[in-house]
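Asker: File follows, target31.txt with compact mmCIF, C-alpha atoms (C1' of nucleotides):
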```txt
# COMPACT_ATOMS: atom_id res chain seq x y z
CA MET V 1 -65.10 -46.96 -11.87
CA ALA V 2 -61.34 -47.13 -11.97
CA ARG V 3 -58.93 -46.96 -14.84
CA ALA V 4 -59.31 -49.08 -17.98
CA ALA V 5 -57.55 -52.43 -17.74
CA THR V 6 -53.86 -52.38 -18.58
CA THR V 7 -54.26 -55.61 -20.39
CA SER V 8 -56.21 -54.12 -23.25
CA ASP V 9 -54.33 -50.92 -23.80
CA VAL V 10 -50.83 -50.07 -24.96
CA PHE V 11 -50.95 -46.65 -23.35
CA ASN V 12 -51.64 -48.15 -19.97
CA ALA V 13 -49.07 -50.87 -20.42
CA VAL V 14 -46.25 -48.36 -20.92
CA ALA V 15 -47.48 -46.13 -18.10
CA GLU V 16 -45.55 -48.34 -15.72
CA PRO V 17 -41.87 -47.29 -15.65
CA ARG V 18 -40.48 -50.77 -15.09
CA ARG V 19 -42.30 -52.01 -18.13
CA ARG V 20 -40.71 -49.26 -20.16
CA GLU V 21 -37.32 -50.38 -18.89
CA ILE V 22 -38.10 -53.95 -19.80
CA LEU V 23 -39.12 -52.92 -23.31
CA LEU V 24 -35.85 -51.09 -23.82
CA PHE V 25 -33.86 -53.97 -22.41
CA LEU V 26 -35.53 -56.46 -24.72
CA LEU V 27 -35.31 -54.24 -27.76
CA ASP V 28 -32.13 -55.36 -29.45
CA ARG V 29 -31.97 -59.03 -28.49
CA GLU V 30 -34.24 -61.67 -27.11
CA ARG V 31 -33.46 -62.62 -23.53
CA PRO V 32 -34.57 -65.16 -20.97
CA VAL V 33 -36.59 -63.95 -17.99
CA THR V 34 -33.62 -64.44 -15.67
CA ASP V 35 -31.62 -61.85 -17.56
CA VAL V 36 -34.33 -59.29 -17.01
CA VAL V 37 -34.48 -60.19 -13.33
CA ASP V 38 -30.71 -59.85 -12.93
CA GLU V 39 -30.22 -56.77 -15.04
CA LEU V 40 -33.18 -54.70 -13.85
CA GLN V 41 -32.99 -55.93 -10.26
CA LEU V 42 -36.58 -57.00 -9.99
CA ASP V 43 -38.16 -60.03 -8.39
CA GLN V 44 -38.82 -62.90 -10.72
CA PRO V 45 -42.60 -63.02 -10.18
CA SER V 46 -42.76 -59.32 -10.78
CA VAL V 47 -40.95 -59.67 -14.09
CA SER V 48 -43.18 -62.52 -15.16
CA LYS V 49 -46.23 -60.41 -14.39
CA HIS V 50 -44.97 -57.42 -16.30
CA LEU V 51 -44.05 -59.61 -19.25
CA ARG V 52 -47.53 -61.06 -19.16
CA VAL V 53 -49.06 -57.60 -19.47
CA LEU V 54 -46.69 -56.64 -22.26
CA ARG V 55 -47.43 -59.86 -24.06
CA ASP V 56 -51.17 -59.39 -23.79
CA VAL V 57 -51.00 -56.00 -25.48
CA GLY V 58 -48.60 -57.28 -28.13
CA LEU V 59 -45.51 -55.42 -26.96
CA VAL V 60 -43.31 -58.50 -26.58
CA ARG V 61 -42.96 -61.86 -28.28
CA VAL V 62 -41.89 -65.12 -26.68
CA ARG V 63 -39.96 -68.07 -27.98
CA ARG V 64 -39.56 -71.17 -25.90
CA ASP V 65 -36.33 -73.10 -25.91
CA GLY V 66 -36.19 -75.94 -23.45
CA ARG V 67 -36.94 -74.62 -20.04
CA HIS V 68 -36.11 -71.09 -21.02
CA LYS V 69 -38.39 -68.56 -22.57
CA TYR V 70 -36.84 -65.86 -24.67
CA TYR V 71 -38.64 -62.56 -24.73
CA ARG V 72 -38.15 -59.77 -27.20
CA THR V 73 -39.78 -56.42 -27.76
CA ARG V 74 -42.24 -56.18 -30.65
CA ALA V 75 -41.43 -52.65 -31.75
CA GLU V 76 -44.48 -52.36 -34.01
CA GLY V 77 -46.59 -52.43 -30.88
CA ILE V 78 -45.27 -48.99 -30.02
CA ARG V 79 -46.54 -47.47 -33.24
CA PRO V 80 -50.00 -46.48 -32.02
CA LEU V 81 -48.29 -44.53 -29.28
CA HIS V 82 -45.83 -42.93 -31.66
CA ASP V 83 -48.51 -42.07 -34.17
CA TRP V 84 -50.66 -40.49 -31.50
CA ALA V 85 -47.77 -38.42 -30.19
CA SER V 86 -46.90 -37.35 -33.74
CA THR V 87 -50.23 -35.60 -33.99
CA PHE V 88 -48.82 -32.98 -31.66
CA GLU V 89 -45.51 -32.63 -33.43
CA ARG V 90 -46.35 -29.74 -35.70
CA TYR V 91 -47.88 -27.84 -32.80
CA TRP V 92 -44.83 -27.96 -30.65
CA SER V 93 -42.73 -26.66 -33.53
CA HIS V 94 -45.17 -23.78 -33.82
CA GLN V 95 -45.03 -23.08 -30.14
CA LEU V 96 -41.25 -23.16 -30.13
CA LEU V 97 -41.29 -20.72 -33.00
CA ARG V 98 -43.59 -18.42 -31.09
CA VAL V 99 -41.40 -18.61 -28.00
CA LYS V 100 -38.39 -17.80 -30.14
CA GLU V 101 -40.10 -14.80 -31.72
CA ARG V 102 -41.19 -13.55 -28.35
CA ALA V 103 -37.65 -13.93 -27.00
CA GLU V 104 -36.27 -12.00 -29.94
CA GLY V 105 -38.85 -9.29 -29.44
CA MET V 106 -37.82 -8.98 -25.83
CA ALA V 107 -34.17 -8.87 -26.79
CA ARG V 108 -34.84 -5.94 -29.14
CA ALA V 109 -36.84 -4.14 -26.45
CA ALA V 110 -33.96 -4.62 -24.03
CA GLU V 111 -31.56 -3.14 -26.58
CA ARG V 112 -33.75 -0.08 -26.93
CA ASP V 113 -33.89 0.29 -23.16
CA ALA V 114 -30.12 0.04 -22.97
CA LYS V 115 -29.74 2.81 -25.57
CA LYS V 116 -32.11 5.13 -23.70
CA LYS V 117 -29.99 4.95 -20.57
CA MET E 1 -47.74 -50.57 -3.74
CA ALA E 2 -49.81 -49.35 -6.62
CA ARG E 3 -48.92 -47.44 -9.69
CA ALA E 4 -46.90 -44.22 -9.63
CA ALA E 5 -49.03 -41.11 -9.24
CA THR E 6 -50.54 -39.73 -12.44
CA THR E 7 -49.73 -36.28 -11.28
CA SER E 8 -46.02 -36.63 -11.68
CA ASP E 9 -45.83 -38.52 -14.93
CA VAL E 10 -46.80 -37.70 -18.51
CA PHE E 11 -47.04 -41.38 -19.41
CA ASN E 12 -49.62 -41.96 -16.74
CA ALA E 13 -51.49 -38.80 -17.57
CA VAL E 14 -52.11 -39.89 -21.14
CA ALA E 15 -52.93 -43.45 -20.13
CA GLU E 16 -56.47 -42.27 -19.50
CA PRO E 17 -58.43 -42.23 -22.78
CA ARG E 18 -60.58 -39.23 -21.90
CA ARG E 19 -57.52 -37.19 -21.19
CA ARG E 20 -56.20 -38.06 -24.63
CA GLU E 21 -59.47 -36.87 -26.11
CA ILE E 22 -59.26 -33.66 -24.15
CA LEU E 23 -55.72 -33.04 -25.36
CA LEU E 24 -56.77 -33.46 -28.97
CA PHE E 25 -59.79 -31.24 -28.47
CA LEU E 26 -57.69 -28.47 -26.95
CA LEU E 27 -54.93 -28.77 -29.47
CA ASP E 28 -55.82 -26.17 -32.07
CA ARG E 29 -57.60 -23.54 -29.97
CA GLU E 30 -58.03 -22.63 -26.36
CA ARG E 31 -61.46 -23.40 -24.99
CA PRO E 32 -63.43 -22.86 -21.80
CA VAL E 33 -64.19 -25.86 -19.61
CA THR E 34 -67.82 -25.83 -20.65
CA ASP E 35 -66.89 -26.51 -24.26
CA VAL E 36 -65.02 -29.62 -23.21
CA VAL E 37 -67.98 -30.73 -21.12
CA ASP E 38 -70.43 -30.23 -23.98
CA GLU E 39 -68.30 -31.59 -26.77
CA LEU E 40 -66.90 -34.66 -25.05
CA GLN E 41 -70.05 -35.38 -23.07
CA LEU E 42 -68.42 -35.56 -19.69
CA ASP E 43 -69.52 -34.26 -16.31
CA GLN E 44 -68.11 -30.89 -15.38
CA PRO E 45 -66.31 -32.05 -12.22
CA SER E 46 -64.78 -34.89 -14.17
CA VAL E 47 -63.44 -32.49 -16.77
CA SER E 48 -62.05 -30.17 -14.12
CA LYS E 49 -60.24 -33.07 -12.51
CA HIS E 50 -58.78 -34.30 -15.76
CA LEU E 51 -57.65 -30.79 -16.60
CA ARG E 52 -56.03 -30.57 -13.20
CA VAL E 53 -53.99 -33.69 -13.86
CA LEU E 54 -53.01 -32.48 -17.32
CA ARG E 55 -52.05 -29.11 -15.91
CA ASP E 56 -49.91 -30.63 -13.18
CA VAL E 57 -47.84 -32.57 -15.69
CA GLY E 58 -47.58 -29.58 -18.00
CA LEU E 59 -49.81 -30.87 -20.77
CA VAL E 60 -52.21 -27.93 -20.78
CA ARG E 61 -52.02 -24.20 -20.13
CA VAL E 62 -54.76 -22.00 -18.66
CA ARG E 63 -55.67 -18.40 -19.23
CA ARG E 64 -58.30 -16.76 -17.12
CA ASP E 65 -60.74 -14.29 -18.63
CA GLY E 66 -63.48 -13.11 -16.34
CA ARG E 67 -65.24 -16.10 -14.95
CA HIS E 68 -64.05 -18.32 -17.75
CA LYS E 69 -60.83 -20.25 -17.91
CA TYR E 70 -59.45 -21.05 -21.31
CA TYR E 71 -57.46 -24.24 -21.58
CA ARG E 72 -55.12 -25.18 -24.35
CA THR E 73 -52.85 -28.13 -24.99
CA ARG E 74 -49.14 -27.55 -24.42
CA ALA E 75 -47.84 -29.72 -27.24
CA GLU E 76 -44.24 -29.66 -26.00
CA GLY E 77 -45.39 -31.71 -23.05
CA ILE E 78 -45.92 -34.62 -25.39
CA ARG E 79 -42.32 -34.64 -26.53
CA PRO E 80 -40.94 -36.98 -23.86
CA LEU E 81 -43.52 -39.50 -24.97
CA HIS E 82 -42.74 -39.00 -28.62
CA ASP E 83 -39.01 -39.20 -28.04
CA TRP E 84 -39.37 -42.38 -26.06
CA ALA E 85 -41.52 -43.97 -28.75
CA SER E 86 -39.04 -42.87 -31.42
CA THR E 87 -36.43 -45.10 -29.83
CA PHE E 88 -38.34 -48.03 -31.22
CA GLU E 89 -38.86 -46.57 -34.66
CA ARG E 90 -35.84 -48.04 -36.39
CA TYR E 91 -36.70 -51.45 -35.03
CA TRP E 92 -40.14 -51.52 -36.47
CA SER E 93 -38.78 -50.37 -39.82
CA HIS E 94 -36.37 -53.27 -39.70
CA GLN E 95 -39.12 -55.65 -38.92
CA LEU E 96 -41.26 -54.23 -41.71
CA LEU E 97 -38.31 -54.51 -44.06
CA ARG E 98 -37.84 -58.14 -43.15
CA VAL E 99 -41.51 -58.83 -43.70
CA LYS E 100 -41.31 -57.11 -47.06
CA GLU E 101 -38.23 -59.08 -48.13
CA ARG E 102 -39.87 -62.27 -47.09
CA ALA E 103 -42.98 -61.38 -49.06
CA GLU E 104 -40.91 -60.59 -52.16
CA GLY E 105 -39.01 -63.84 -51.76
CA MET E 106 -42.28 -65.71 -51.68
CA ALA E 107 -43.52 -63.84 -54.72
CA ARG E 108 -40.43 -64.88 -56.69
CA ALA E 109 -40.84 -68.48 -55.57
CA ALA E 110 -44.45 -68.39 -56.67
CA GLU E 111 -43.38 -67.10 -60.08
CA ARG E 112 -40.91 -69.94 -60.48
CA ASP E 113 -43.61 -72.43 -59.54
CA ALA E 114 -45.93 -70.90 -62.08
CA LYS E 115 -43.32 -71.26 -64.86
CA LYS E 116 -42.69 -74.93 -64.05
CA LYS E 117 -46.34 -75.70 -64.62
C1' DT A 1 -75.99 -6.91 -2.38
C1' DT A 2 -78.23 -10.69 -4.25
C1' DT A 3 -78.31 -13.95 -7.93
C1' DA A 4 -76.55 -16.58 -11.72
C1' DT A 5 -72.80 -18.67 -14.09
C1' DA A 6 -68.19 -20.98 -14.48
C1' DT A 7 -64.98 -23.73 -12.46
C1' DA A 8 -62.72 -26.32 -8.67
C1' DT A 9 -62.53 -29.31 -4.74
C1' DG A 10 -63.81 -32.75 -1.22
C1' DC A 11 -65.74 -37.02 0.09
C1' DC A 12 -67.27 -41.70 -0.92
C1' DG A 13 -67.57 -46.26 -2.97
C1' DA A 14 -66.03 -49.46 -6.44
C1' DT A 15 -62.32 -51.24 -9.03
C1' DA A 16 -57.86 -52.10 -10.36
C1' DA A 17 -53.00 -52.26 -10.03
C1' DA A 18 -48.54 -53.43 -7.88
C1' DG A 19 -45.38 -55.77 -4.61
C1' DG A 20 -44.40 -59.79 -1.70
C1' DA A 21 -44.45 -64.42 -0.50
C1' DA A 22 -45.82 -68.90 -1.41
C1' DT A 23 -46.77 -72.20 -4.65
C1' DA A 24 -47.67 -74.34 -9.14
C1' DT A 25 -46.13 -75.83 -13.69
C1' DG A 26 -42.97 -77.34 -17.00
C1' DT A 27 -38.63 -79.01 -18.61
C1' DA A 28 -34.00 -80.79 -18.24
C1' DA A 29 -30.30 -83.12 -15.67
C1' DA A 30 -28.87 -86.77 -12.48
C1' DT K 1 -37.97 -91.26 -11.04
C1' DT K 2 -36.09 -87.84 -8.35
C1' DT K 3 -34.00 -83.44 -8.27
C1' DA K 4 -32.81 -78.90 -9.87
C1' DC K 5 -33.78 -75.00 -12.55
C1' DA K 6 -36.80 -71.55 -15.14
C1' DT K 7 -40.97 -69.42 -15.38
C1' DA K 8 -45.93 -68.59 -14.26
C1' DT K 9 -49.77 -68.08 -11.23
C1' DT K 10 -52.35 -67.27 -7.01
C1' DC K 11 -53.53 -64.98 -2.84
C1' DC K 12 -53.22 -61.07 0.07
C1' DT K 13 -52.58 -56.28 1.32
C1' DT K 14 -51.87 -51.48 0.29
C1' DT K 15 -52.52 -47.66 -2.52
C1' DA K 16 -54.46 -45.11 -6.62
C1' DT K 17 -57.71 -43.96 -9.67
C1' DC K 18 -62.16 -42.86 -11.43
C1' DG K 19 -66.94 -41.49 -11.39
C1' DG K 20 -70.77 -39.34 -8.92
C1' DC K 21 -72.61 -36.17 -6.01
C1' DA K 22 -72.52 -32.28 -3.12
C1' DT K 23 -70.39 -28.21 -2.13
C1' DA K 24 -67.01 -24.45 -2.29
C1' DT K 25 -64.98 -20.51 -4.69
C1' DA K 26 -64.70 -16.86 -7.90
C1' DT K 27 -66.50 -13.57 -10.97
C1' DA K 28 -70.02 -11.21 -13.56
C1' DA K 29 -74.83 -9.68 -14.12
C1' DA K 30 -79.09 -7.92 -12.11
```
Taking this structure as input, can you express it in the form of structure tokens?

Answerer:
Amino acid sequence: MARAATTSDVFNAVAEPRRREILLFLLDRERPVTDVVDELQLDQPSVSKHLRVLRDVGLVRVRRDGRHKYYRTRAEGIRPLHDWASTFERYWSHQLLRVKERAEGMARAAERDAKKK
Amino acid sequence: MARAATTSDVFNAVAEPRRREILLFLLDRERPVTDVVDELQLDQPSVSKHLRVLRDVGLVRVRRDGRHKYYRTRAEGIRPLHDWASTFERYWSHQLLRVKERAEGMARAAERDAKKK
DNA sequence: TTTATATATGCCGATAAAGGAATATGTAAA
DNA sequence: TTTACATATTCCTTTATCGGCATATATAAA
């Protein structure tokens, strides 16, 4: 078996770097597909495909206006990712603390060494 | 071309659901590979491979003790993911705020309607 | 030294993903 | 209606990934 389908999973959807760029680009304003193509220097079919994936997992919204379609990032879609990552937050503070303590311990040891000489 | 290699990218590494499980399992204590195999009901080679990927992107640490290897999650490795997701945080608050305001507006309207009757 | 245990790696087959190019669809302008 | 523009989809090829199985390596116990 290969990897779980991108279509059904936010984690997989954002695993692709271009899709992350697209999400950032569409974060503050809605934009037509052409803008994404021009700004991020991607081929139009490629952009349409990425937007399709993002849409399927609920990471972008679309609004049609005439022959244009305006896409915009649905920030709430990122929450599962953020929440998951937050689980680790308190641990990395702990680890930083431990690293700091260790560094201070080493600094004191170095001072003692310096005095001996 | 296919997707960027998992090995070089935290986003890709955590795109795999089993690897996310492993990271959570190894978060609070270090554990030998066998524990992961037993607890998460995976084949041993599969676990070793996942651990290899996680190790290559800096998401786990190993300590050898005799013939055992103790793995533990390196929480700091998750930070890039968390930071990236945080970029979207203020936008989803905004959107939630707007939803809330709209809901309150509707509640007031409903009250007015109720009084008229 | 032989044997058992713990872990890692290599190979294979199936599946999926991504880019490219062509084409289809859908809407507006002429 | 024809033409132009905007976007989506399809087909094809290449590459990656994952699981399964067998096997290799490393260390401890007998």

Asker: Counting only C-alpha atoms (C1' of nucleotides), which residues come within 12 Å of (-41.5, -27.7, -21.5), with the point read in the file's coordinates, and could you list them as a list in words?

Answerer: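 Checking each residue against the 12 Å limit leaves Trp92, Gln95, Leu96 and Val99 of chain V; Val10, Val57, Gly58, Leu59, Val60, Arg61, Thr73, Arg74, Ala75, Glu76, Gly77, Ile78, Arg79 and Pro80 of chain E.
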
Asker: With 6 Å as the limit and counting all atoms listed in the file, what residues in chain E lie close to chain V? Please list them as a list of chain:residue names.

Answerer: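 On the chain E side, the interface is E:Phe11, E:Asn12, E:Ala15, E:Ala75, E:Glu76, E:His82, E:Ala85, E:Phe88, E:Tyr91, E:Trp92.
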
Asker: Using only C-alpha atoms (C1' of nucleotides), determine which residues of chain A fall within 10 Å of chain V; present them as number ranges by chain.

Answerer: A: 13-21, 26-28

Asker: How many Å separate CA of Arg55 in chain V from CA of Gln41 in chain V?

Answerer: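 Separation between CA of Arg55 in chain V and CA of Gln41 in chain V: 20.4 Å.
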
Asker: For the interface of chain K with range 8-12 of chain A (cut-off 10 Å, counting only C-alpha atoms (C1' of nucleotides)), please tabulate each contacting residue of chain K alongside its nearest pair of atoms and their separation in Å to one decimal, rows sorted by chain and increasing number, as a Markdown table.

Answerer:
```
| residue | atom | partner | partner_atom | distance |
| --- | --- | --- | --- | --- |
| K:DG20 | C1' | A:DC12 | C1' | 9.0 |
| K:DC21 | C1' | A:DC12 | C1' | 9.2 |
| K:DA22 | C1' | A:DC11 | C1' | 8.9 |
| K:DT23 | C1' | A:DG10 | C1' | 8.0 |
| K:DA24 | C1' | A:DT9 | C1' | 7.0 |
| K:DT25 | C1' | A:DA8 | C1' | 7.4 |
| K:DA26 | C1' | A:DA8 | C1' | 9.7 |
```

Asker: Determine, counting only C-alpha atoms (C1' of nucleotides), which protein, DNA and RNA residues have an atom within 10 Å of an atom of DA30 in chain K; residues of the same chain fewer than 3 positions away are not included. Present the result as JSON, numbers by chain.

Answerer: {"A": [2, 3, 4]}

Asker: Keeping only C-alpha atoms (C1' of nucleotides), write the selected residues to a file as a PDB file, in the coordinates of the input.

Answerer:
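Result file follows (part-v6.pdb):
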```pdb
ATOM      1  C1'  DT A   2     -78.230 -10.690  -4.250  1.00  0.00           C
ATOM      2  C1'  DT A   3     -78.310 -13.950  -7.930  1.00  0.00           C
ATOM      3  C1'  DA A   4     -76.550 -16.580 -11.720  1.00  0.00           C
TER       4       DA A   4
END
```

Asker: How big is the axis-aligned box, and where does its centre sit, when it encloses all atoms of range 66-78 of chain E listed in the file and has 5 Å added on every side, reported in Å to one decimal as JSON?

Answerer:
```
{"center_x": -54.7, "center_y": -23.9, "center_z": -21.1, "size_x": 31.0, "size_y": 31.5, "size_z": 22.3}
```

Asker: Closest to chain K among E:Arg63, E:Arg18, E:Arg72, E:Arg31, using only C-alpha atoms (C1' of nucleotides)?

Answerer: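 The answer is E:Arg18, which sits nearest to chain K.
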
Asker: When you draw a straight line from C1' of DA16 in chain K to CA of Val36 in chain V, how long is it in Å?

Answerer: 26.7 Å

Asker: Please identify all polymer residues within 8 Å of range 3-7 of chain K, counting all atoms listed in the file, omitting same-chain residues fewer than 2 positions from it, and present them as a PDB file with C-alpha atoms (C1' of nucleotides), in the frame of the given file.

Answerer:
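The resulting file, part_6.pdb, is reproduced below:
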```
ATOM      1  CA  VAL V  33     -36.590 -63.950 -17.990  1.00  0.00           C
ATOM      2  CA  THR V  34     -33.620 -64.440 -15.670  1.00  0.00           C
ATOM      3  CA  SER V  48     -43.180 -62.520 -15.160  1.00  0.00           C
ATOM      4  CA  ARG V  67     -36.940 -74.620 -20.040  1.00  0.00           C
ATOM      5  CA  HIS V  68     -36.110 -71.090 -21.020  1.00  0.00           C
ATOM      6  CA  LYS V  69     -38.390 -68.560 -22.570  1.00  0.00           C
TER       7      LYS V  69
ATOM      8  C1'  DA A  29     -30.300 -83.120 -15.670  1.00  0.00           C
ATOM      9  C1'  DA A  30     -28.870 -86.770 -12.480  1.00  0.00           C
TER      10       DA A  30
END
```

Asker: Using Å and a single decimal, report how far C1' of DA24 in chain A sits from CA of Asp56 in chain V.

Answerer: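 Atom-to-atom, CA of Asp56 in chain V and C1' of DA24 in chain A are spaced 21.2 Å apart.
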
Asker: For range 66-79 of chain E, supply N, CA, C and O atoms and report the output as an mmCIF file, keeping the file's coordinate frame.

Answerer:
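Contents of the output file out.cif:
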```
data_model
loop_
_atom_site.group_PDB
_atom_site.id
_atom_site.type_symbol
_atom_site.label_atom_id
_atom_site.label_comp_id
_atom_site.auth_asym_id
_atom_site.auth_seq_id
_atom_site.Cartn_x
_atom_site.Cartn_y
_atom_site.Cartn_z
ATOM 1 N N GLY E 66 -62.227 -13.266 -17.060
ATOM 2 C CA GLY E 66 -63.480 -13.110 -16.340
ATOM 3 C C GLY E 66 -63.761 -14.373 -15.554
ATOM 4 O O GLY E 66 -62.892 -14.872 -14.853
ATOM 5 N N ARG E 67 -64.950 -14.877 -15.703
ATOM 6 C CA ARG E 67 -65.240 -16.100 -14.950
ATOM 7 C C ARG E 67 -64.956 -17.359 -15.763
ATOM 8 O O ARG E 67 -65.248 -18.465 -15.331
ATOM 9 N N HIS E 68 -64.413 -17.157 -16.936
ATOM 10 C CA HIS E 68 -64.050 -18.320 -17.750
ATOM 11 C C HIS E 68 -62.573 -18.624 -17.615
ATOM 12 O O HIS E 68 -61.770 -17.729 -17.343
ATOM 13 N N LYS E 69 -62.242 -19.889 -17.819
ATOM 14 C CA LYS E 69 -60.830 -20.250 -17.910
ATOM 15 C C LYS E 69 -60.646 -20.961 -19.239
ATOM 16 O O LYS E 69 -61.355 -21.906 -19.558
ATOM 17 N N TYR E 70 -59.698 -20.475 -19.991
ATOM 18 C CA TYR E 70 -59.450 -21.050 -21.310
ATOM 19 C C TYR E 70 -58.262 -21.979 -21.242
ATOM 20 O O TYR E 70 -57.157 -21.557 -20.906
ATOM 21 N N TYR E 71 -58.514 -23.217 -21.595
ATOM 22 C CA TYR E 71 -57.460 -24.240 -21.580
ATOM 23 C C TYR E 71 -56.975 -24.495 -22.991
ATOM 24 O O TYR E 71 -57.730 -24.427 -23.948
ATOM 25 N N ARG E 72 -55.685 -24.811 -23.063
ATOM 26 C CA ARG E 72 -55.120 -25.180 -24.350
ATOM 27 C C ARG E 72 -54.003 -26.185 -24.148
ATOM 28 O O ARG E 72 -53.254 -26.102 -23.175
ATOM 29 N N THR E 73 -53.894 -27.104 -25.069
ATOM 30 C CA THR E 73 -52.850 -28.130 -24.990
ATOM 31 C C THR E 73 -51.465 -27.514 -25.144
ATOM 32 O O THR E 73 -51.263 -26.655 -25.993
ATOM 33 N N ARG E 74 -50.554 -27.925 -24.296
ATOM 34 C CA ARG E 74 -49.140 -27.550 -24.420
ATOM 35 C C ARG E 74 -48.438 -28.701 -25.124
ATOM 36 O O ARG E 74 -47.987 -29.660 -24.472
ATOM 37 N N ALA E 75 -48.332 -28.594 -26.444
ATOM 38 C CA ALA E 75 -47.840 -29.720 -27.240
ATOM 39 C C ALA E 75 -46.439 -30.184 -26.821
ATOM 40 O O ALA E 75 -46.137 -31.378 -26.870
ATOM 41 N N GLU E 76 -45.604 -29.260 -26.410
ATOM 42 C CA GLU E 76 -44.240 -29.660 -26.000
ATOM 43 C C GLU E 76 -44.246 -30.728 -24.921
ATOM 44 O O GLU E 76 -43.300 -31.506 -24.812
ATOM 45 N N GLY E 77 -45.299 -30.725 -24.129
ATOM 46 C CA GLY E 77 -45.390 -31.710 -23.050
ATOM 47 C C GLY E 77 -45.433 -33.138 -23.544
ATOM 48 O O GLY E 77 -45.132 -34.077 -22.810
ATOM 49 N N ILE E 78 -45.816 -33.291 -24.811
ATOM 50 C CA ILE E 78 -45.920 -34.620 -25.390
ATOM 51 C C ILE E 78 -44.555 -35.143 -25.849
ATOM 52 O O ILE E 78 -44.371 -36.332 -26.079
ATOM 53 N N ARG E 79 -43.619 -34.237 -25.982
ATOM 54 C CA ARG E 79 -42.320 -34.640 -26.530
ATOM 55 C C ARG E 79 -41.637 -35.809 -25.830
ATOM 56 O O ARG E 79 -41.129 -36.703 -26.513
#
```
